[in-house]
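Participant: Coordinates in target_9.pdb, PDB, C-alpha atoms, are listed below.
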MODEL        1
ATOM      1  CA  MET D   5      -1.792 -48.856 -83.597
ATOM      2  CA  GLN D   6      -5.282 -48.169 -82.391
ATOM      3  CA  ARG D   7      -4.859 -50.869 -79.748
ATOM      4  CA  PHE D   8      -1.649 -49.170 -78.523
ATOM      5  CA  GLN D   9      -3.406 -45.810 -78.274
ATOM      6  CA  SER D  10      -6.250 -47.334 -76.287
ATOM      7  CA  TYR D  11      -3.695 -48.827 -73.890
ATOM      8  CA  GLN D  12      -2.103 -45.363 -73.466
ATOM      9  CA  LEU D  13      -5.466 -43.748 -72.756
ATOM     10  CA  TYR D  14      -6.345 -46.460 -70.234
ATOM     11  CA  PHE D  15      -2.986 -46.042 -68.480
ATOM     12  CA  PHE D  16      -3.463 -42.204 -68.282
ATOM     13  CA  PHE D  17      -6.885 -42.557 -66.688
ATOM     14  CA  PHE D  18      -5.477 -45.150 -64.236
ATOM     15  CA  ILE D  19      -2.684 -42.819 -63.161
ATOM     16  CA  LEU D  20      -5.127 -39.890 -62.846
ATOM     17  CA  SER D  21      -7.637 -41.883 -60.817
ATOM     18  CA  SER D  22      -4.852 -43.220 -58.582
ATOM     19  CA  PHE D  23      -3.558 -39.705 -57.994
ATOM     20  CA  LEU D  24      -7.013 -38.370 -57.190
ATOM     21  CA  GLY D  25      -7.810 -41.350 -54.995
ATOM     22  CA  PHE D  26      -4.714 -41.109 -52.863
ATOM     23  CA  SER D  27      -4.034 -37.328 -52.739
ATOM     24  CA  GLN D  28      -5.445 -34.598 -50.554
ATOM     25  CA  THR D  29      -7.027 -31.444 -51.946
ATOM     26  CA  LEU D  30      -6.160 -28.114 -50.264
ATOM     27  CA  SER D  31      -8.249 -24.989 -50.843
ATOM     28  CA  SER D  32      -8.482 -21.562 -49.175
ATOM     29  CA  SER D  33     -10.818 -18.594 -49.376
ATOM     30  CA  LEU D  34     -11.173 -15.011 -48.171
ATOM     31  CA  ASP D  35     -14.664 -13.544 -48.004
ATOM     32  CA  LYS D  36     -13.564  -9.889 -48.411
ATOM     33  CA  SER D  37     -10.562  -8.290 -50.041
ATOM     34  CA  THR D  38     -11.473  -4.720 -49.017
ATOM     35  CA  LEU D  39     -12.196  -3.977 -45.388
ATOM     36  CA  ALA D  40     -13.093  -0.975 -43.296
ATOM     37  CA  LEU D  41     -11.048  -0.280 -40.191
ATOM     38  CA  GLY D  42     -12.024  -2.846 -37.579
ATOM     39  CA  GLU D  43     -14.351  -4.743 -39.935
ATOM     40  CA  VAL D  44     -14.320  -8.516 -39.430
ATOM     41  CA  ALA D  45     -13.382 -10.823 -42.328
ATOM     42  CA  VAL D  46     -13.153 -14.606 -42.567
ATOM     43  CA  TYR D  47     -10.214 -16.602 -43.945
ATOM     44  CA  LYS D  48     -10.759 -20.342 -44.436
ATOM     45  CA  ILE D  49      -8.505 -23.306 -45.195
ATOM     46  CA  GLN D  50     -10.079 -26.603 -46.213
ATOM     47  CA  ILE D  51      -8.470 -30.014 -46.823
ATOM     48  CA  VAL D  52     -10.472 -32.959 -48.201
ATOM     49  CA  ASP D  53      -9.695 -36.664 -48.451
ATOM     50  CA  LEU D  54      -7.435 -36.750 -45.357
ATOM     51  CA  GLN D  55      -7.389 -40.559 -45.249
ATOM     52  CA  GLY D  56      -6.755 -40.356 -41.470
ATOM     53  CA  LYS D  57      -3.543 -38.362 -41.822
ATOM     54  CA  ASP D  58      -2.515 -35.681 -39.342
ATOM     55  CA  VAL D  59      -2.657 -32.024 -40.324
ATOM     56  CA  GLN D  60       0.059 -29.689 -39.093
ATOM     57  CA  MET D  61       0.157 -25.881 -39.474
ATOM     58  CA  ALA D  62       0.645 -22.756 -37.336
ATOM     59  CA  PRO D  63      -0.969 -22.879 -33.847
ATOM     60  CA  ARG D  64      -4.238 -21.141 -33.021
ATOM     61  CA  ASN D  65      -4.151 -17.330 -33.174
ATOM     62  CA  GLU D  66      -0.702 -17.449 -34.840
ATOM     63  CA  LEU D  67      -1.676 -18.266 -38.403
ATOM     64  CA  LEU D  68      -1.829 -14.673 -39.727
ATOM     65  CA  PRO D  69       0.807 -11.861 -39.628
ATOM     66  CA  PHE D  70       0.862  -9.440 -36.708
ATOM     67  CA  HIS D  71      -1.185  -6.718 -38.496
ATOM     68  CA  PHE D  72      -4.170  -9.042 -38.441
ATOM     69  CA  GLU D  73      -6.041  -8.971 -35.118
ATOM     70  CA  VAL D  74      -7.526 -12.453 -34.675
ATOM     71  CA  VAL D  75     -11.093 -12.421 -33.358
ATOM     72  CA  ASN D  76     -11.667 -16.177 -33.471
ATOM     73  CA  ASP D  77      -9.630 -19.142 -34.687
ATOM     74  CA  SER D  78     -11.599 -22.394 -34.926
ATOM     75  CA  ILE D  79     -10.715 -25.858 -36.254
ATOM     76  CA  ALA D  80     -13.253 -28.518 -37.264
ATOM     77  CA  ILE D  81     -12.545 -32.065 -38.484
ATOM     78  CA  GLN D  82     -15.384 -34.148 -39.954
ATOM     79  CA  LYS D  83     -14.694 -37.544 -41.485
ATOM     80  CA  ASP D  84     -11.947 -36.867 -44.036
ATOM     81  CA  ILE D  85     -12.422 -33.088 -44.118
ATOM     82  CA  TYR D  86     -10.323 -30.541 -42.213
ATOM     83  CA  LEU D  87     -11.664 -26.975 -41.934
ATOM     84  CA  ARG D  88      -9.967 -24.024 -40.241
ATOM     85  CA  SER D  89     -11.829 -20.713 -40.028
ATOM     86  CA  VAL D  90     -10.080 -17.552 -38.833
ATOM     87  CA  LYS D  91     -12.039 -14.378 -38.183
ATOM     88  CA  PHE D  92      -9.856 -11.280 -38.115
ATOM     89  CA  ALA D  93      -9.848  -7.491 -38.272
ATOM     90  CA  VAL D  94      -7.233  -4.884 -39.139
ATOM     91  CA  PHE D  95      -7.017  -1.541 -37.347
ATOM     92  CA  GLN D  96      -4.500   0.176 -39.628
ATOM     93  CA  GLU D  97      -5.022   1.615 -43.082
ATOM     94  CA  GLY D  98      -3.101   0.214 -46.034
ATOM     95  CA  LYS D  99      -2.579  -2.951 -48.056
ATOM     96  CA  PHE D 100      -1.645  -6.137 -46.232
ATOM     97  CA  THR D 101      -0.833  -9.630 -47.464
ATOM     98  CA  ILE D 102      -1.913 -12.975 -46.142
ATOM     99  CA  PRO D 103       1.085 -15.022 -47.294
ATOM    100  CA  GLU D 104       0.939 -18.548 -48.547
ATOM    101  CA  ILE D 105       0.371 -20.891 -45.610
ATOM    102  CA  GLU D 106       2.400 -24.075 -45.423
ATOM    103  CA  VAL D 107       0.317 -27.094 -44.398
ATOM    104  CA  LYS D 108       1.733 -30.542 -43.748
ATOM    105  CA  VAL D 109      -0.654 -33.475 -44.261
ATOM    106  CA  GLY D 110       1.070 -36.660 -43.214
ATOM    107  CA  ASP D 111       4.406 -36.520 -45.047
ATOM    108  CA  GLN D 112       3.107 -34.272 -47.805
ATOM    109  CA  VAL D 113       3.607 -30.458 -47.691
ATOM    110  CA  LEU D 114       0.903 -28.292 -49.273
ATOM    111  CA  LYS D 115       0.701 -24.504 -49.635
ATOM    112  CA  THR D 116      -2.205 -22.072 -49.950
ATOM    113  CA  ILE D 117      -2.319 -19.137 -52.328
ATOM    114  CA  PRO D 118      -1.565 -15.621 -50.941
ATOM    115  CA  TYR D 119      -4.238 -12.934 -50.610
ATOM    116  CA  GLU D 120      -4.006  -9.145 -50.552
ATOM    117  CA  VAL D 121      -6.273  -7.167 -48.233
ATOM    118  CA  GLU D 122      -6.889  -3.441 -48.518
ATOM    119  CA  VAL D 123      -8.002  -1.652 -45.363
ATOM    120  CA  ILE D 124      -9.664   1.755 -45.681
ATOM    121  CA  ASN D 125     -10.980   4.358 -43.307
ATOM    122  CA  THR D 126     -14.592   4.796 -44.328
ATOM    123  CA  ALA D 127     -14.833   8.060 -42.424
ATOM    124  CA  GLN D 128     -12.437   9.551 -44.977
ATOM    125  CA  LYS D 129     -14.414   8.357 -47.993
ATOM    126  CA  GLY D 130     -16.629  11.429 -48.075
ATOM    127  CA  ASP D 131     -18.803  10.548 -45.099
ATOM    128  CA  GLN D 132     -19.723  13.639 -43.108
ATOM    129  CA  ILE D 133     -20.249  13.196 -39.391
ATOM    130  CA  ASN D 134     -22.627  15.726 -37.862
ATOM    131  CA  ASP D 135     -23.661  16.129 -34.263
ATOM    132  CA  ILE D 136     -27.326  15.518 -33.559
ATOM    133  CA  MET D 137     -27.453  18.965 -31.966
ATOM    134  CA  LYS D 138     -25.023  21.737 -31.246
ATOM    135  CA  ASN D 139     -23.252  21.883 -27.928
ATOM    136  CA  LYS D 140     -25.240  23.813 -25.374
ATOM    137  CA  LYS D 141     -23.783  25.767 -22.493
ATOM    138  CA  VAL D 142     -25.343  24.894 -19.186
ATOM    139  CA  LYS D 143     -25.209  27.300 -16.262
ATOM    140  CA  LEU D 144     -24.384  25.560 -12.999
ATOM    141  CA  ASP D 145     -25.681  26.723  -9.637
ATOM    142  CA  ILE D 146     -24.361  26.008  -6.142
ATOM    143  CA  GLN D 147     -26.281  22.734  -5.897
ATOM    144  CA  ASP D 148     -24.750  21.493  -9.140
ATOM    145  CA  TYR D 149     -21.232  22.337  -7.973
ATOM    146  CA  TRP D 150     -21.951  20.579  -4.683
ATOM    147  CA  GLU D 151     -23.019  17.407  -6.508
ATOM    148  CA  LEU D 152     -19.858  17.567  -8.605
ATOM    149  CA  TYR D 153     -17.361  18.206  -5.823
ATOM    150  CA  LYS D 154     -19.059  17.023  -2.620
ATOM    151  CA  PHE D 155     -16.946  13.872  -2.477
ATOM    152  CA  TYR D 156     -13.719  15.911  -2.495
ATOM    153  CA  VAL D 157     -15.080  18.366   0.086
ATOM    154  CA  LEU D 158     -16.162  15.565   2.425
ATOM    155  CA  LEU D 159     -12.825  13.808   1.947
ATOM    156  CA  ALA D 160     -10.930  17.003   2.825
ATOM    157  CA  LEU D 161     -13.086  17.529   5.934
ATOM    158  CA  LEU D 162     -12.488  13.922   6.974
ATOM    159  CA  ILE D 163      -8.717  14.340   6.603
ATOM    160  CA  ILE D 164      -8.788  17.564   8.657
ATOM    161  CA  ALA D 165     -10.856  15.853  11.368
ATOM    162  CA  ILE D 166      -8.404  12.949  11.524
ATOM    163  CA  ILE D 167      -5.438  15.357  11.818
ATOM    164  CA  ILE D 168      -7.151  17.284  14.643
ATOM    165  CA  LEU D 169      -7.983  14.012  16.397
ATOM    166  CA  ILE D 170      -4.376  12.806  16.161
ATOM    167  CA  ILE D 171      -3.044  16.124  17.509
ATOM    168  CA  GLY D 172      -5.550  15.965  20.376
ATOM    169  CA  ILE D 173      -4.605  12.396  21.253
ATOM    170  CA  VAL D 174      -0.877  13.242  21.226
ATOM    171  CA  ARG D 175      -1.358  16.315  23.399
ATOM    172  CA  TYR D 176      -3.685  14.512  25.776
ATOM    173  CA  GLY D 177      -1.263  11.613  26.033
ATOM    174  CA  LYS D 178       1.628  13.939  26.827
ATOM    175  CA  LYS D 179      -0.504  15.777  29.364
ATOM    176  CA  ARG D 180      -1.523  12.545  31.026
ATOM    177  CA  LYS D 181       2.063  11.325  31.200
ATOM    178  CA  SER D 182       3.289  14.606  32.690
ATOM    179  CA  SER D 183       0.279  15.251  34.966
ATOM    180  CA  PRO D 184       0.990  15.850  38.720
ATOM    181  CA  VAL D 185      -0.883  12.710  39.748
ATOM    182  CA  VAL D 186       1.170  10.493  37.426
ATOM    183  CA  THR D 187       4.429  12.024  38.671
ATOM    184  CA  THR D 188       3.331  11.573  42.285
ATOM    185  CA  ASN D 189       2.374   7.939  41.811
ATOM    186  CA  GLN D 190       5.623   7.110  40.051
ATOM    187  CA  THR D 191       7.687   8.749  42.827
ATOM    188  CA  LEU D 192       5.764   6.855  45.508
ATOM    189  CA  LYS D 193       6.622   3.633  43.678
ATOM    190  CA  ASP D 194      10.300   4.627  43.630
ATOM    191  CA  LEU D 195      10.188   5.355  47.367
ATOM    192  CA  GLU D 196       8.605   1.980  48.033
ATOM    193  CA  LYS D 197      11.424   0.275  46.135
ATOM    194  CA  LEU D 198      13.894   2.200  48.304
ATOM    195  CA  ARG D 199      12.146   1.063  51.495
ATOM    196  CA  LYS D 200      12.321  -2.580  50.418
ATOM    197  CA  LYS D 201      16.118  -2.372  50.207
ATOM    198  CA  ASN D 202      16.178  -2.298  54.062
ATOM    199  CA  TYR D 203      18.805   0.427  54.262
ATOM    200  CA  ILE D 204      17.155   1.708  57.481
ATOM    201  CA  GLU D 205      17.113  -1.677  59.177
ATOM    202  CA  ASN D 206      20.713  -2.347  58.163
ATOM    203  CA  GLU D 207      21.740   1.193  59.144
ATOM    204  CA  ASN D 208      23.209   1.773  55.693
ATOM    205  CA  PHE D 209      22.598   5.491  56.136
ATOM    206  CA  ARG D 210      24.861   6.745  53.371
ATOM    207  CA  ALA D 211      23.245   4.655  50.604
ATOM    208  CA  PHE D 212      19.812   5.499  52.032
ATOM    209  CA  TYR D 213      20.276   9.277  51.880
ATOM    210  CA  VAL D 214      22.022   9.197  48.507
ATOM    211  CA  GLU D 215      19.027   7.426  46.888
ATOM    212  CA  LEU D 216      16.420   9.359  48.909
ATOM    213  CA  ILE D 217      17.883  12.713  47.816
ATOM    214  CA  GLU D 218      18.238  11.498  44.212
ATOM    215  CA  ILE D 219      14.557  10.434  44.057
ATOM    216  CA  SER D 220      13.489  13.742  45.682
ATOM    217  CA  ARG D 221      15.538  15.878  43.272
ATOM    218  CA  ALA D 222      14.067  14.079  40.237
ATOM    219  CA  PHE D 223      10.566  14.529  41.671
ATOM    220  CA  ILE D 224      10.976  18.262  42.348
ATOM    221  CA  THR D 225      12.415  18.799  38.862
ATOM    222  CA  LYS D 226       9.477  17.128  37.140
ATOM    223  CA  GLN D 227       6.640  18.173  39.455
ATOM    224  CA  TYR D 228       7.575  21.824  40.018
ATOM    225  CA  GLN D 229       9.750  22.513  36.935
ATOM    226  CA  ILE D 230      12.596  23.497  39.295
ATOM    227  CA  PRO D 231      16.122  22.451  38.158
ATOM    228  CA  ALA D 232      16.765  20.507  41.352
ATOM    229  CA  ASP D 233      18.771  17.904  39.489
ATOM    230  CA  VAL D 234      21.569  20.389  38.672
ATOM    231  CA  LEU D 235      21.493  22.882  41.565
ATOM    232  CA  LEU D 236      23.538  22.520  44.711
ATOM    233  CA  THR D 237      21.560  22.174  47.928
ATOM    234  CA  ASP D 238      22.044  25.792  49.060
ATOM    235  CA  ASP D 239      21.183  27.133  45.614
ATOM    236  CA  LEU D 240      18.132  24.867  45.418
ATOM    237  CA  ILE D 241      16.827  26.109  48.775
ATOM    238  CA  THR D 242      17.270  29.714  47.679
ATOM    239  CA  TYR D 243      15.552  29.001  44.344
ATOM    240  CA  MET D 244      12.562  27.295  46.017
ATOM    241  CA  LYS D 245      12.008  30.237  48.363
ATOM    242  CA  SER D 246      12.181  32.729  45.509
ATOM    243  CA  THR D 247       9.616  30.965  43.312
ATOM    244  CA  ASN D 248       6.982  30.216  45.980
ATOM    245  CA  ALA D 249       6.046  27.143  43.922
ATOM    246  CA  ILE D 250       6.354  24.912  47.009
ATOM    247  CA  SER D 251       4.443  25.591  50.199
ATOM    248  CA  GLN D 252       6.425  26.697  53.244
ATOM    249  CA  GLU D 253       5.670  23.420  55.009
ATOM    250  CA  ASN D 254       7.080  21.389  52.147
ATOM    251  CA  GLU D 255      10.015  23.761  51.695
ATOM    252  CA  LYS D 256      11.013  23.236  55.330
ATOM    253  CA  ILE D 257      10.945  19.435  54.970
ATOM    254  CA  VAL D 258      13.012  19.508  51.786
ATOM    255  CA  GLU D 259      15.519  21.942  53.287
ATOM    256  CA  GLU D 260      16.067  19.915  56.476
ATOM    257  CA  ILE D 261      16.368  16.528  54.777
ATOM    258  CA  PHE D 262      18.570  17.769  51.927
ATOM    259  CA  LEU D 263      20.965  19.474  54.364
ATOM    260  CA  ARG D 264      21.092  16.357  56.520
ATOM    261  CA  GLY D 265      21.714  14.268  53.425
ATOM    262  CA  ASP D 266      24.760  16.403  52.547
ATOM    263  CA  LEU D 267      26.136  15.974  56.077
ATOM    264  CA  VAL D 268      25.634  12.191  55.890
ATOM    265  CA  LYS D 269      27.184  12.010  52.419
ATOM    266  CA  PHE D 270      30.376  13.678  53.639
ATOM    267  CA  ALA D 271      30.399  11.659  56.920
ATOM    268  CA  LYS D 272      29.874  14.696  59.112
ATOM    269  CA  THR D 273      26.922  13.136  60.907
ATOM    270  CA  ILE D 274      25.525   9.658  61.489
ATOM    271  CA  PRO D 275      21.718   9.462  61.811
ATOM    272  CA  ASN D 276      19.972   6.679  63.721
ATOM    273  CA  GLN D 277      17.115   4.478  62.455
ATOM    274  CA  GLU D 278      14.484   6.747  63.975
ATOM    275  CA  ILE D 279      15.709   9.827  62.082
ATOM    276  CA  MET D 280      16.039   7.858  58.840
ATOM    277  CA  SER D 281      12.486   6.519  59.190
ATOM    278  CA  LYS D 282      11.188  10.018  59.987
ATOM    279  CA  ASP D 283      12.919  11.536  56.925
ATOM    280  CA  PHE D 284      11.561   8.793  54.683
ATOM    281  CA  THR D 285       8.015   9.323  55.955
ATOM    282  CA  GLU D 286       8.194  13.112  55.598
ATOM    283  CA  ILE D 287       9.491  12.892  52.030
ATOM    284  CA  ARG D 288       6.692  10.461  51.173
ATOM    285  CA  GLU D 289       4.083  12.810  52.684
ATOM    286  CA  PHE D 290       5.647  15.745  50.863
ATOM    287  CA  VAL D 291       5.248  13.858  47.591
ATOM    288  CA  LYS D 292       1.595  13.141  48.383
ATOM    289  CA  ARG D 293       0.862  16.796  49.194
ATOM    290  CA  SER D 294       2.657  18.104  46.127
ATOM    291  CA  THR D 295      -0.481  18.054  43.985
ATOM    292  CA  LYS D 296      -1.970  20.744  46.198
ATOM    293  CA  ASP D 297       1.105  22.922  45.613
ATOM    294  CA  VAL D 298       0.740  22.472  41.837
ATOM    295  CA  GLU D 299      -2.981  23.294  41.913
ATOM    296  CA  ALA D 300      -2.349  26.404  43.993
ATOM    297  CA  GLU D 301       0.415  27.534  41.623
ATOM    298  CA  ASN D 302      -1.874  27.030  38.599
ATOM    299  CA  LEU D 303      -4.613  29.124  40.213
ATOM    300  CA  ARG D 304      -2.110  31.854  41.074
ATOM    301  CA  THR D 305      -0.784  32.049  37.506
ATOM    302  CA  MET D 306      -4.315  32.171  36.055
ATOM    303  CA  GLN D 307      -5.293  35.231  38.122
TER
ENDMDL
END
Rewrite the structure from the file as structure tokens, please.

Facilitator:
Amino acid sequence: MQRFQSYQLYFFFFILSSFLGFSQTLSSSLDKSTLALGEVAVYKIQIVDLQGKDVQMAPRNELLPFHFEVVNDSIAIQKDIYLRSVKFAVFQEGKFTIPEIEVKVGDQVLKTIPYEVEVINTAQKGDQINDIMKNKKVKLDIQDYWELYKFYVLLALLIIAIIILIIGIVRYGKKRKSSPVVTTNQTLKDLEKLRKKNYIENENFRAFYVELIEISRAFITKQYQIPADVLLTDDLITYMKSTNAISQENEKIVEEIFLRGDLVKFAKTIPNQEIMSKDFTEIREFVKRSTKDVEAENLRTMQ
């Protein structure tokens, strides 16, 4: 009987030693169970006697529930020891639970024990917060206000300057485009294009006078602000004489050529090359002299 009992005791110790020799030991710890708002605590999981087996659990920064703000999540493996240390903080008052964590070591599934954490607001535990000194009213002078708002003042002045500059550029550009010299030069270019069509040499008098009168009407309209583009020839002559915007010399040239152009247009007269050349030259000279008419009109209106 005693021999049988000794065999039983030997078999128990064999089973126990085998279990301890071939099993892993899981442990966990929490350094604080009561925390202040934002205070950092450390939660650790340790596994010993790994025997080269893989350890599987939640990924980094995903081990704890969402109330727990992870500060650092580190894993260290040394020999047959696995250690995971998670530093965390909670920014909400109340009681929170770290649930049991499921850990798989090889084919074996282990679980940690749950922990309860209480988070308190230490400022509400009777602590009185006092200012070092009472608020003091400071009287500001002009220099102080300038230091406070000078950036906005300078920015507003810069914006105003840019607006004035843009308006000036637009007005100057319009003035340049509509200046007498620009109008004169453009009309001279149009007349040169007409000359190169060789209407005079080919005695194409009708086409010549139609385009010559058209160019002249557009020029008078733009240079003298006279509605020559819509008035009939007789009405235009009367209008020019009533405004005195065009000198008598230029009025005479315009009157003669425009009347001749009407006669040619309706086939009541046929000019020769000499007359066509003379009319072309006189219109071109009229265009060149027009700036003097505009300057004289400006001086007259300013007086």

Participant: Would you list the residues near (3.8, -31.1, -38.9), meaning any protein, DNA or RNA residue with an atom at most 8 Å from that point in file coordinates, counting only C-alpha atoms, as a list in words?

Facilitator: Asp58, Val59, Gln60, Met61, Val107, Lys108, Val109 and Gly110 of chain D

Participant: Tell me which of D:Val186, D:Lys256, D:Ile51, D:Asn208 sits closest to Phe223 (chain D), counting all atoms listed in the file.

Facilitator: D:Val186

Participant: Could you tell me how far CA of Lys193 (chain D) lies from CA of Glu289 (chain D), in Å and to one decimal?

Facilitator: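 Atom-to-atom, CA of Lys193 (chain D) to CA of Glu289 (chain D), that is 13.1 Å.
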
Participant: What's around Arg288 (chain D) at 9 Å? Count all atoms listed in the file, leave out sequence neighbours fewer than 3 positions away in its own chain, and write the answer as number ranges by chain.

Facilitator: D: 191-192, 195, 283-285, 291-293

Participant: Limited to C-alpha atoms, could you put the picked residues into a file as a compact mmCIF listing (two decimals), in the coordinates of the input?

Facilitator:
# COMPACT_ATOMS: atom_id res chain seq x y z
CA THR D 191 7.69 8.75 42.83
CA LEU D 192 5.76 6.86 45.51
CA LEU D 195 10.19 5.36 47.37
CA ASP D 283 12.92 11.54 56.92
CA PHE D 284 11.56 8.79 54.68
CA THR D 285 8.02 9.32 55.96
CA VAL D 291 5.25 13.86 47.59
CA LYS D 292 1.60 13.14 48.38
CA ARG D 293 0.86 16.80 49.19

Participant: Between CA of Ala62 (chain D) and CA of Ile105 (chain D), what is the spacing in Å?

Facilitator: 8.5 Å

Participant: If we count all atoms listed in the file, what is near Val268 (chain D) at a cut-off of 12 Å, once residues fewer than 6 positions away on the same chain are taken out, given as a tab-separated table (two decimals) with C-alpha atoms, in the frame of the given file?

Facilitator:
chain	number	residue	atom	x	y	z
D	208	ASN	CA	23.21	1.77	55.69
D	209	PHE	CA	22.60	5.49	56.14
D	210	ARG	CA	24.86	6.74	53.37
D	211	ALA	CA	23.24	4.66	50.60
D	212	PHE	CA	19.81	5.50	52.03
D	213	TYR	CA	20.28	9.28	51.88
D	214	VAL	CA	22.02	9.20	48.51
D	216	LEU	CA	16.42	9.36	48.91
D	217	ILE	CA	17.88	12.71	47.82
D	261	ILE	CA	16.37	16.53	54.78
D	262	PHE	CA	18.57	17.77	51.93
D	274	ILE	CA	25.52	9.66	61.49
D	275	PRO	CA	21.72	9.46	61.81
D	276	ASN	CA	19.97	6.68	63.72
D	279	ILE	CA	15.71	9.83	62.08
D	280	MET	CA	16.04	7.86	58.84

Participant: Apply the PyMOL selection byres ((chain D and resi 73) around 6) to the structure shown and report the selected residues as a PyMOL selection string.

Facilitator: chain D and resi 72+74+92-94

Participant: For the PyMOL selection byres ((chain D and resi 39) around 12), applied here, can you spell out every residue it catches as a PyMOL selection string?

Facilitator: chain D and resi 34-38+40-46+72+92-100+120-126
